[in-house]
Amino acid sequence: MDLGLKNRVALVAASSQGIGLATAEAFASEGCRVAMCARSQQALTAAAEKIRKRHTAEVFAEACDVTDAAAVERLVAAVAERFGGVDICVTNAGGPPAKGFLATTSDDWRRAIEANLLSAVYFARNVIPHMQGKRWGRIITLTSITTRQPVADLVLSNAVRTAVVGLVKSLANEFGKDGILVNNVGPGFTATERLKELAKSRSTASGKTEQEIFAGWAADAPLKRLGEPREIADTIVWLASERASYVTGQTVLVDGGMYKGL
Ligand code: NAD
């Protein structure tokens, strides 16, 4: 299937590891010009180099903290200057810590809102004018299964990420006339560093081993295994492609069937 993505400019936020990195690589493998960011230039440079070695893609990698509005503005401007615009933007950031509600502090809530809601706002407001100029664009927010089904101990994610769904639907409604499609992808339990951290904190809280925690997550999904970062990335790439040209305002879960609702 031709995804129609050759030479598109894809900016993937928070992409030095995990799902972000897999997504940047998946766009590179489709012939996109790829822009990546993360807070640490060192980790990012190594990640970008890995992609350049495996694909012929042009990769632009610049350090940026996605919770810093001015830094996101500078990043988008730099990508547009380098590649002549931004066609596809995947918003992403690290996930909030696992805590029960009474253990959360005001700072936890502020940080979660900055990382997991406001970062999407910062990217959207900077990339939309470029997309309007070309009358073509794709914004895909990377969130979580928590947008549909709360996960125990992840109250910060459960609460904050649903606001992203409201943002996505609003942007889809407002900018569909400009050829901009806006969708949200919610991973289930996916084998990354983030999941190792979660397993560690669950293990400490419950007395179970980390292996037991991983086995429990896998057992809870009808597919009886964790997801791989590339499986989330492939769904994001499809949503960005010409093959998803009539899909907007949607949340697509990539969770091995873990979501229990209809
Ligand atoms: P990860 O922790 O492995 O990677 C996160 C990436 O974000 C890293 O590249 C990190 O450097 C970067 N990052 C973090 N904070 C940043 C900031 N302020 N500015 C710029 N870059 C920043 O996480 P992952 O597993 O790839 O998950 C990606 C997103 O998906 C997270 O929000 C996570 O909570 C969510 N998610 C993950 C899972 C899972 O099981 N892995 C499930 C549901 C949702």
# chains A, B, ... in the order shown; residues from 1 in each chain; ligands from 1

$ residues_around --residues "A:Val86" --least-positions-apart "4" --cutoff "7 Å" --atoms "only C-alpha atoms" --output "ChimeraX atom specification"
/A:9-11,80,127,130-131

$ residues_near_ligand --ligand "ligand 1" --cutoff "7 Å" --atoms "only C-alpha atoms and all ligand atoms" --output "MDAnalysis selection string"
chainID A and resid 13:21 37:40 64:67 92:96 115:116 142:145 186:195

$ select_by_dssp --residues "stretch 5-227 of chain A" --states "strand (DSSP E)" --output "PyMOL selection string"
chain A and resi 9-12+33-36+59-61+88-91+137-142+180-187

$ atom_distance --atom1 "atom CA of A:Ile236" --atom2 "atom CA of A:Arg148"
17.8 Å

$ closest_residue --among "A:Gly166, A:Pro222, A:Gln149, A:Ile180" --to "A:Leu253" --atoms "only C-alpha atoms"
A:Gln149

$ residues_around --residues "A:Ala218" --least-positions-apart "5" --cutoff "10 Å" --atoms "only C-alpha atoms" --output "MDAnalysis selection string"
chainID A and resid 189:190 212:213 223:227 256 258

$ atom_distance --atom1 "atom CA of A:Lys169" --atom2 "atom CA of A:Gly249"
4.6 Å

$ decode --residues "stretch 102-114 of chain A" --atoms "all heavy atoms" --output "PDB file, in the first residue's frame"
ATOM      1  N   LEU A 102      -4.279  10.672  46.935  1.00  0.00           N
ATOM      2  CA  LEU A 102      -3.858  11.418  48.122  1.00  0.00           C
ATOM      3  C   LEU A 102      -2.349  11.632  48.195  1.00  0.00           C
ATOM      4  O   LEU A 102      -1.875  12.479  48.943  1.00  0.00           O
ATOM      5  CB  LEU A 102      -4.380  10.744  49.403  1.00  0.00           C
ATOM      6  CG  LEU A 102      -5.901  10.820  49.573  1.00  0.00           C
ATOM      7  CD1 LEU A 102      -6.346  10.100  50.846  1.00  0.00           C
ATOM      8  CD2 LEU A 102      -6.405  12.263  49.578  1.00  0.00           C
ATOM      9  N   ALA A 103      -1.607  10.868  47.410  1.00  0.00           N
ATOM     10  CA  ALA A 103      -0.143  11.050  47.396  1.00  0.00           C
ATOM     11  C   ALA A 103       0.284  12.132  46.405  1.00  0.00           C
ATOM     12  O   ALA A 103       1.446  12.552  46.400  1.00  0.00           O
ATOM     13  CB  ALA A 103       0.536   9.726  47.046  1.00  0.00           C
ATOM     14  N   THR A 104      -0.617  12.593  45.568  1.00  0.00           N
ATOM     15  CA  THR A 104      -0.222  13.591  44.555  1.00  0.00           C
ATOM     16  C   THR A 104      -0.125  14.974  45.178  1.00  0.00           C
ATOM     17  O   THR A 104      -0.906  15.329  46.059  1.00  0.00           O
ATOM     18  CB  THR A 104      -1.225  13.650  43.373  1.00  0.00           C
ATOM     19  OG1 THR A 104      -2.521  13.979  43.885  1.00  0.00           O
ATOM     20  CG2 THR A 104      -1.269  12.328  42.623  1.00  0.00           C
ATOM     21  N   THR A 105       0.844  15.743  44.689  1.00  0.00           N
ATOM     22  CA  THR A 105       1.024  17.119  45.172  1.00  0.00           C
ATOM     23  C   THR A 105       0.539  18.096  44.102  1.00  0.00           C
ATOM     24  O   THR A 105       0.345  17.715  42.938  1.00  0.00           O
ATOM     25  CB  THR A 105       2.519  17.402  45.428  1.00  0.00           C
ATOM     26  OG1 THR A 105       3.197  17.319  44.160  1.00  0.00           O
ATOM     27  CG2 THR A 105       3.127  16.389  46.387  1.00  0.00           C
ATOM     28  N   SER A 106       0.434  19.349  44.501  1.00  0.00           N
ATOM     29  CA  SER A 106       0.029  20.378  43.519  1.00  0.00           C
ATOM     30  C   SER A 106       1.063  20.452  42.398  1.00  0.00           C
ATOM     31  O   SER A 106       0.710  20.647  41.225  1.00  0.00           O
ATOM     32  CB  SER A 106      -0.108  21.741  44.195  1.00  0.00           C
ATOM     33  OG  SER A 106      -1.097  21.676  45.180  1.00  0.00           O
ATOM     34  N   ASP A 107       2.336  20.274  42.763  1.00  0.00           N
ATOM     35  CA  ASP A 107       3.391  20.307  41.729  1.00  0.00           C
ATOM     36  C   ASP A 107       3.227  19.150  40.741  1.00  0.00           C
ATOM     37  O   ASP A 107       3.442  19.318  39.544  1.00  0.00           O
ATOM     38  CB  ASP A 107       4.780  20.236  42.370  1.00  0.00           C
ATOM     39  CG  ASP A 107       5.285  21.618  42.723  1.00  0.00           C
ATOM     40  OD1 ASP A 107       4.673  22.606  42.259  1.00  0.00           O
ATOM     41  OD2 ASP A 107       6.275  21.704  43.465  1.00  0.00           O
ATOM     42  N   ASP A 108       2.861  17.945  41.256  1.00  0.00           N
ATOM     43  CA  ASP A 108       2.606  16.807  40.355  1.00  0.00           C
ATOM     44  C   ASP A 108       1.538  17.182  39.328  1.00  0.00           C
ATOM     45  O   ASP A 108       1.667  16.897  38.134  1.00  0.00           O
ATOM     46  CB  ASP A 108       2.095  15.588  41.141  1.00  0.00           C
ATOM     47  CG  ASP A 108       3.168  14.922  41.978  1.00  0.00           C
ATOM     48  OD1 ASP A 108       4.346  14.984  41.603  1.00  0.00           O
ATOM     49  OD2 ASP A 108       2.800  14.312  43.015  1.00  0.00           O
ATOM     50  N   TRP A 109       0.465  17.803  39.817  1.00  0.00           N
ATOM     51  CA  TRP A 109      -0.632  18.156  38.907  1.00  0.00           C
ATOM     52  C   TRP A 109      -0.182  19.197  37.884  1.00  0.00           C
ATOM     53  O   TRP A 109      -0.468  19.077  36.688  1.00  0.00           O
ATOM     54  CB  TRP A 109      -1.840  18.672  39.707  1.00  0.00           C
ATOM     55  CG  TRP A 109      -2.580  17.530  40.332  1.00  0.00           C
ATOM     56  CD1 TRP A 109      -2.465  17.095  41.615  1.00  0.00           C
ATOM     57  CD2 TRP A 109      -3.493  16.643  39.680  1.00  0.00           C
ATOM     58  NE1 TRP A 109      -3.256  15.988  41.807  1.00  0.00           N
ATOM     59  CE2 TRP A 109      -3.905  15.693  40.649  1.00  0.00           C
ATOM     60  CE3 TRP A 109      -4.013  16.545  38.405  1.00  0.00           C
ATOM     61  CZ2 TRP A 109      -4.803  14.666  40.358  1.00  0.00           C
ATOM     62  CZ3 TRP A 109      -4.913  15.535  38.100  1.00  0.00           C
ATOM     63  CH2 TRP A 109      -5.296  14.608  39.071  1.00  0.00           C
ATOM     64  N   ARG A 110       0.577  20.199  38.367  1.00  0.00           N
ATOM     65  CA  ARG A 110       1.066  21.230  37.434  1.00  0.00           C
ATOM     66  C   ARG A 110       1.968  20.620  36.366  1.00  0.00           C
ATOM     67  O   ARG A 110       1.836  20.908  35.182  1.00  0.00           O
ATOM     68  CB  ARG A 110       1.834  22.306  38.200  1.00  0.00           C
ATOM     69  CG  ARG A 110       0.997  23.525  38.442  1.00  0.00           C
ATOM     70  CD  ARG A 110       1.761  24.627  39.153  1.00  0.00           C
ATOM     71  NE  ARG A 110       0.930  25.046  40.271  1.00  0.00           N
ATOM     72  CZ  ARG A 110       1.198  24.844  41.547  1.00  0.00           C
ATOM     73  NH1 ARG A 110       2.313  24.284  41.915  1.00  0.00           N
ATOM     74  NH2 ARG A 110       0.357  25.230  42.473  1.00  0.00           N
ATOM     75  N   ARG A 111       2.883  19.727  36.821  1.00  0.00           N
ATOM     76  CA  ARG A 111       3.815  19.104  35.863  1.00  0.00           C
ATOM     77  C   ARG A 111       3.077  18.238  34.847  1.00  0.00           C
ATOM     78  O   ARG A 111       3.389  18.241  33.665  1.00  0.00           O
ATOM     79  CB  ARG A 111       4.864  18.267  36.600  1.00  0.00           C
ATOM     80  CG  ARG A 111       6.053  19.099  37.080  1.00  0.00           C
ATOM     81  CD  ARG A 111       7.229  18.217  37.462  1.00  0.00           C
ATOM     82  NE  ARG A 111       6.959  17.462  38.661  1.00  0.00           N
ATOM     83  CZ  ARG A 111       7.280  17.878  39.890  1.00  0.00           C
ATOM     84  NH1 ARG A 111       7.898  19.026  40.069  1.00  0.00           N
ATOM     85  NH2 ARG A 111       7.002  17.144  40.942  1.00  0.00           N
ATOM     86  N   ALA A 112       2.072  17.492  35.317  1.00  0.00           N
ATOM     87  CA  ALA A 112       1.314  16.619  34.406  1.00  0.00           C
ATOM     88  C   ALA A 112       0.558  17.460  33.370  1.00  0.00           C
ATOM     89  O   ALA A 112       0.519  17.120  32.180  1.00  0.00           O
ATOM     90  CB  ALA A 112       0.353  15.736  35.196  1.00  0.00           C
ATOM     91  N   ILE A 113      -0.011  18.572  33.837  1.00  0.00           N
ATOM     92  CA  ILE A 113      -0.752  19.436  32.904  1.00  0.00           C
ATOM     93  C   ILE A 113       0.200  20.050  31.878  1.00  0.00           C
ATOM     94  O   ILE A 113      -0.088  20.107  30.682  1.00  0.00           O
ATOM     95  CB  ILE A 113      -1.545  20.514  33.683  1.00  0.00           C
ATOM     96  CG1 ILE A 113      -2.718  19.844  34.425  1.00  0.00           C
ATOM     97  CG2 ILE A 113      -2.054  21.619  32.752  1.00  0.00           C
ATOM     98  CD1 ILE A 113      -3.390  20.716  35.473  1.00  0.00           C
ATOM     99  N   GLU A 114       1.381  20.469  32.363  1.00  0.00           N
ATOM    100  CA  GLU A 114       2.355  21.072  31.439  1.00  0.00           C
ATOM    101  C   GLU A 114       2.851  20.056  30.403  1.00  0.00           C
ATOM    102  O   GLU A 114       2.908  20.350  29.216  1.00  0.00           O
ATOM    103  CB  GLU A 114       3.557  21.623  32.213  1.00  0.00           C
ATOM    104  CG  GLU A 114       3.247  22.949  32.863  1.00  0.00           C
ATOM    105  CD  GLU A 114       4.393  23.468  33.728  1.00  0.00           C
ATOM    106  OE1 GLU A 114       5.469  22.820  33.760  1.00  0.00           O
ATOM    107  OE2 GLU A 114       4.187  24.496  34.364  1.00  0.00           O
TER     108      GLU A 114
END
